[in-house]
Amino acid sequence: MTGYYDSHDAAPVGDAEQPATEHGMSRRQLLRHAGWFGGAVVLTVASGEVISHIADSRESNSLAPAGAATAANGSLRFVQVSDSHIGFQGPANMDVAGSFTEAINQVNSLGFRPDFVMHSGDLTHLSTAAQFDQVKQMMTGMQTDRVFTVPGEHDSIGDAGRAYRQTFGMGTLGDGWYSFDTHGVHFIALVNTLSLEKLGHLGTDQIDFVRKDIAGLSSDTPIVVFSHIPLFAMYPQWGWSTDDALKVIALLRRFSSVTCLNGHVHQLFTKTEGNITFHSATTTAYPLPKPGRAPAPTPQVVPARQLKDALGIRTVGYNQGDRELAIKDRRLA
């Protein structure tokens with residue numbers, strides 16, 4: 001497997017990178033996309049049915065023994081977290097490090113040890129070395145053997161993602177994409193946050209990577225794709241889409257089960273198109289407005305007692321032989 005770090009290891013050293021001026025995100029672009037981020041989610045597969053709902057703390061406690069038993073029987077369990085925005089300062093969340101710590105504690109209290117944790121981007125808010133170091137150190141507290149990441153646009157400000165790749169990109173290809181296999185599932189981690197005019201963008205090299213990566217796979221192999229910005233047209237007016245995603249989607253049509261997991265939009269949303277299901281995750285930092293219900297996707301201030309209802313994590317599960325993954329979203333409240 002590539003593109004991950006052991007949750008107890010030191011930060012890896014990245015490969016040689018392209019000049020920051022080629023794909024680097026300017027501060028003007030950052031302001032244009034300032035509201036984008038995602039969340040943390042748990043996915044579980046049960047009897048071939050995808051399950052996606054919000055579970056409060058009482059429900060998650062009652063399900064813990066069952067989750068532990070399932071994991072012990074050899075099923076795959078992993079966690080998705082997103083948009084921690086470490087370094088953000090503002091009234092939408094006065095303590096994003098504290099809420100991310102609560103998310104980590106929730107991961108560690110699931111009743112089972114996840115096979116891995118995926119952070120689907122915007123780990124930091126301004127992509128500084130100190131912020132990358134802080135979020136990496138925080139994630140070493142997750143009780144899992146492996147932590148995978150993909151970058152958000154906030155992780156690539158001004159340097160084409162070089163600082164991100166130096167911390168999290170060991171073993172990745174190109175601008176940080178990679179794939180791996182576990183428990184009979186093929187995982188693909190994509191980068192669509194470096195060439196932002198309005199929408200996310202993958203580029204020819206990355207699309208060619210996907211084509212070659214899946215060429216030898218059987219059509220009944222379950223596929224899970226991670227990205228920061230959605231691979232479907234959730235709300236293009238706000239940039240919540242990827243302009244060349246259809247080229248990758250076309251390559252995945254031959255597979256019987258494809259699940260695409262993204263962050264960026266800071267809210268739960270599910271869409272199914274044929275054999276492909278898209279799940280947007282919530283955030284651990286601050287909420288964004290529903291599509292079209294505000295002039296722009298800017299951080300929303302809610303009463304303090306309601307903030308945790310808008311934040312959360314996601315668990316995902318899969319039993320070998322099932323067709324689909326089961327997804328469960330859990331609030332921090």
# chains A, B, ... in the order shown; residues from 1 in each chain; ligands from 1

$ residues_around --residues "Ser99 in chain A" --least-positions-apart "3" --cutoff "8 Å" --atoms "only C-alpha atoms" --output "list in words"
Asp95, Val96, Glu102, Ala103, Thr284 and Ala285 of chain A

$ closest_residue --among "A:Val210, A:Ala294, A:Ile104, A:Leu202" --to "Ser241 in chain A" --atoms "only C-alpha atoms"
A:Leu202

$ select_by_dssp --residues "range 284-319 of chain A" --states "strand (DSSP E or B)" --output "ChimeraX atom specification"
/A:311-318

$ atom_distance --atom1 "CA of Leu196 in chain A" --atom2 "CA of Thr172 in chain A"
21.0 Å

$ closest_residue --among "A:Ile188, A:Ile313, A:Ala130, A:Leu194" --to "Asp175 in chain A" --atoms "only C-alpha atoms"
A:Leu194

$ select_by_dssp --residues "range 131-258 of chain A" --states "helix (DSSP H, G or I)" --output "PyMOL selection string"
chain A and resi 131-139+153-155+162-168+204-214+236-238+245-252

$ closest_residue --among "A:Asn319, A:Gln300, A:Ser75, A:Thr259" --to "Ser280 in chain A" --atoms "only C-alpha atoms"
A:Thr259

$ atom_distance --atom1 "CA of Thr283 in chain A" --atom2 "CA of Asn93 in chain A"
11.5 Å

$ atom_distance --atom1 "CA of Leu332 in chain A" --atom2 "CA of Val265 in chain A"
17.3 Å

$ residues_around --residues "Thr272 in chain A" --least-positions-apart "6" --cutoff "10 Å" --atoms "only C-alpha atoms" --output "PyMOL selection string"
chain A and resi 232+258-260+278-279

$ closest_residue --among "A:Pro222, A:Gly158, A:Pro114, A:Pro295" --to "Arg254 in chain A" --atoms "only C-alpha atoms"
A:Pro222

$ residues_around --residues "Gly141 in chain A" --least-positions-apart "2" --cutoff "12 Å" --atoms "only C-alpha atoms" --output "list in words"
Asp6, Ser7, His8, Asp9, Phe100, Thr101, Glu102, Ala103, Ile104, Asn105, Gln106, Val107, Asn108, Val117, Gln134, Val135, Lys136, Gln137, Met138, Met139, Gln143, Thr144, Asp145, Arg146 and Val147 of chain A

$ write_last_selection --atoms "N, CA, C and O atoms" --output "mmCIF file, in the first residue's frame"
data_model
loop_
_atom_site.group_PDB
_atom_site.id
_atom_site.type_symbol
_atom_site.label_atom_id
_atom_site.label_comp_id
_atom_site.auth_asym_id
_atom_site.auth_seq_id
_atom_site.Cartn_x
_atom_site.Cartn_y
_atom_site.Cartn_z
ATOM 1 N N ASP A 6 1.956 5.395 9.084
ATOM 2 C CA ASP A 6 1.584 4.742 10.326
ATOM 3 C C ASP A 6 1.229 5.816 11.339
ATOM 4 O O ASP A 6 1.925 6.816 11.475
ATOM 5 N N SER A 7 0.138 5.625 12.049
ATOM 6 C CA SER A 7 -0.346 6.679 12.933
ATOM 7 C C SER A 7 0.604 6.970 14.085
ATOM 8 O O SER A 7 0.425 7.943 14.802
ATOM 9 N N HIS A 8 1.639 6.159 14.244
ATOM 10 C CA HIS A 8 2.597 6.401 15.323
ATOM 11 C C HIS A 8 3.982 6.747 14.789
ATOM 12 O O HIS A 8 4.919 6.894 15.559
ATOM 13 N N ASP A 9 4.119 6.891 13.459
ATOM 14 C CA ASP A 9 5.416 7.199 12.868
ATOM 15 C C ASP A 9 5.625 8.703 12.777
ATOM 16 O O ASP A 9 4.698 9.494 12.858
ATOM 17 N N PHE A 100 -11.948 18.879 16.761
ATOM 18 C CA PHE A 100 -11.283 17.754 16.097
ATOM 19 C C PHE A 100 -10.812 16.731 17.131
ATOM 20 O O PHE A 100 -10.868 15.520 16.886
ATOM 21 N N THR A 101 -10.383 17.204 18.285
ATOM 22 C CA THR A 101 -10.028 16.279 19.367
ATOM 23 C C THR A 101 -11.239 15.453 19.781
ATOM 24 O O THR A 101 -11.121 14.240 20.027
ATOM 25 N N GLU A 102 -12.415 16.076 19.840
ATOM 26 C CA GLU A 102 -13.627 15.322 20.171
ATOM 27 C C GLU A 102 -13.929 14.285 19.110
ATOM 28 O O GLU A 102 -14.380 13.172 19.421
ATOM 29 N N ALA A 103 -13.699 14.621 17.837
ATOM 30 C CA ALA A 103 -13.900 13.651 16.763
ATOM 31 C C ALA A 103 -12.946 12.473 16.908
ATOM 32 O O ALA A 103 -13.326 11.309 16.718
ATOM 33 N N ILE A 104 -11.690 12.759 17.243
ATOM 34 C CA ILE A 104 -10.713 11.687 17.458
ATOM 35 C C ILE A 104 -11.154 10.799 18.622
ATOM 36 O O ILE A 104 -11.081 9.565 18.551
ATOM 37 N N ASN A 105 -11.625 11.417 19.698
ATOM 38 C CA ASN A 105 -12.109 10.640 20.839
ATOM 39 C C ASN A 105 -13.299 9.774 20.439
ATOM 40 O O ASN A 105 -13.447 8.643 20.934
ATOM 41 N N GLN A 106 -14.131 10.290 19.557
ATOM 42 C CA GLN A 106 -15.272 9.500 19.102
ATOM 43 C C GLN A 106 -14.809 8.293 18.286
ATOM 44 O O GLN A 106 -15.348 7.192 18.414
ATOM 45 N N VAL A 107 -13.806 8.500 17.441
ATOM 46 C CA VAL A 107 -13.221 7.375 16.692
ATOM 47 C C VAL A 107 -12.717 6.309 17.651
ATOM 48 O O VAL A 107 -12.912 5.101 17.440
ATOM 49 N N ASN A 108 -12.086 6.745 18.723
ATOM 50 C CA ASN A 108 -11.501 5.804 19.680
ATOM 51 C C ASN A 108 -12.532 5.168 20.595
ATOM 52 O O ASN A 108 -12.179 4.282 21.388
ATOM 53 N N VAL A 117 -8.090 5.074 8.992
ATOM 54 C CA VAL A 117 -8.841 6.324 9.001
ATOM 55 C C VAL A 117 -8.426 7.117 7.776
ATOM 56 O O VAL A 117 -7.237 7.246 7.480
ATOM 57 N N GLN A 134 0.646 20.233 13.534
ATOM 58 C CA GLN A 134 -0.361 20.070 14.583
ATOM 59 C C GLN A 134 -1.375 18.993 14.235
ATOM 60 O O GLN A 134 -1.680 18.121 15.054
ATOM 61 N N VAL A 135 -1.900 19.019 13.015
ATOM 62 C CA VAL A 135 -2.928 18.042 12.667
ATOM 63 C C VAL A 135 -2.337 16.643 12.584
ATOM 64 O O VAL A 135 -2.973 15.663 12.982
ATOM 65 N N LYS A 136 -1.101 16.525 12.118
ATOM 66 C CA LYS A 136 -0.467 15.211 12.070
ATOM 67 C C LYS A 136 -0.272 14.657 13.473
ATOM 68 O O LYS A 136 -0.563 13.477 13.730
ATOM 69 N N GLN A 137 0.207 15.497 14.373
ATOM 70 C CA GLN A 137 0.395 15.037 15.744
ATOM 71 C C GLN A 137 -0.934 14.656 16.388
ATOM 72 O O GLN A 137 -1.018 13.669 17.132
ATOM 73 N N MET A 138 -1.978 15.407 16.109
ATOM 74 C CA MET A 138 -3.287 15.079 16.664
ATOM 75 C C MET A 138 -3.769 13.725 16.162
ATOM 76 O O MET A 138 -4.309 12.914 16.921
ATOM 77 N N MET A 139 -3.533 13.435 14.888
ATOM 78 C CA MET A 139 -4.036 12.184 14.329
ATOM 79 C C MET A 139 -3.253 10.969 14.805
ATOM 80 O O MET A 139 -3.721 9.840 14.662
ATOM 81 N N GLN A 143 -6.742 5.565 17.366
ATOM 82 C CA GLN A 143 -6.430 4.169 17.622
ATOM 83 C C GLN A 143 -6.689 3.352 16.362
ATOM 84 O O GLN A 143 -7.695 2.669 16.211
ATOM 85 N N THR A 144 -5.758 3.453 15.435
ATOM 86 C CA THR A 144 -5.785 2.739 14.177
ATOM 87 C C THR A 144 -4.349 2.586 13.713
ATOM 88 O O THR A 144 -3.466 3.346 14.127
ATOM 89 N N ASP A 145 -4.089 1.611 12.844
ATOM 90 C CA ASP A 145 -2.716 1.371 12.399
ATOM 91 C C ASP A 145 -2.303 2.284 11.259
ATOM 92 O O ASP A 145 -1.115 2.542 11.067
ATOM 93 N N ARG A 146 -3.291 2.749 10.477
ATOM 94 C CA ARG A 146 -2.963 3.514 9.273
ATOM 95 C C ARG A 146 -3.875 4.727 9.165
ATOM 96 O O ARG A 146 -5.072 4.630 9.428
ATOM 97 N N VAL A 147 -3.296 5.839 8.726
ATOM 98 C CA VAL A 147 -4.060 7.037 8.433
ATOM 99 C C VAL A 147 -3.749 7.460 7.002
ATOM 100 O O VAL A 147 -2.595 7.658 6.645
#

$ residues_around --residues "Ile223 in chain A" --least-positions-apart "5" --cutoff "12 Å" --atoms "only C-alpha atoms" --output "PyMOL selection string"
chain A and resi 179-189+210+213-214+217-218+249+251-261+275-278+318+323-325
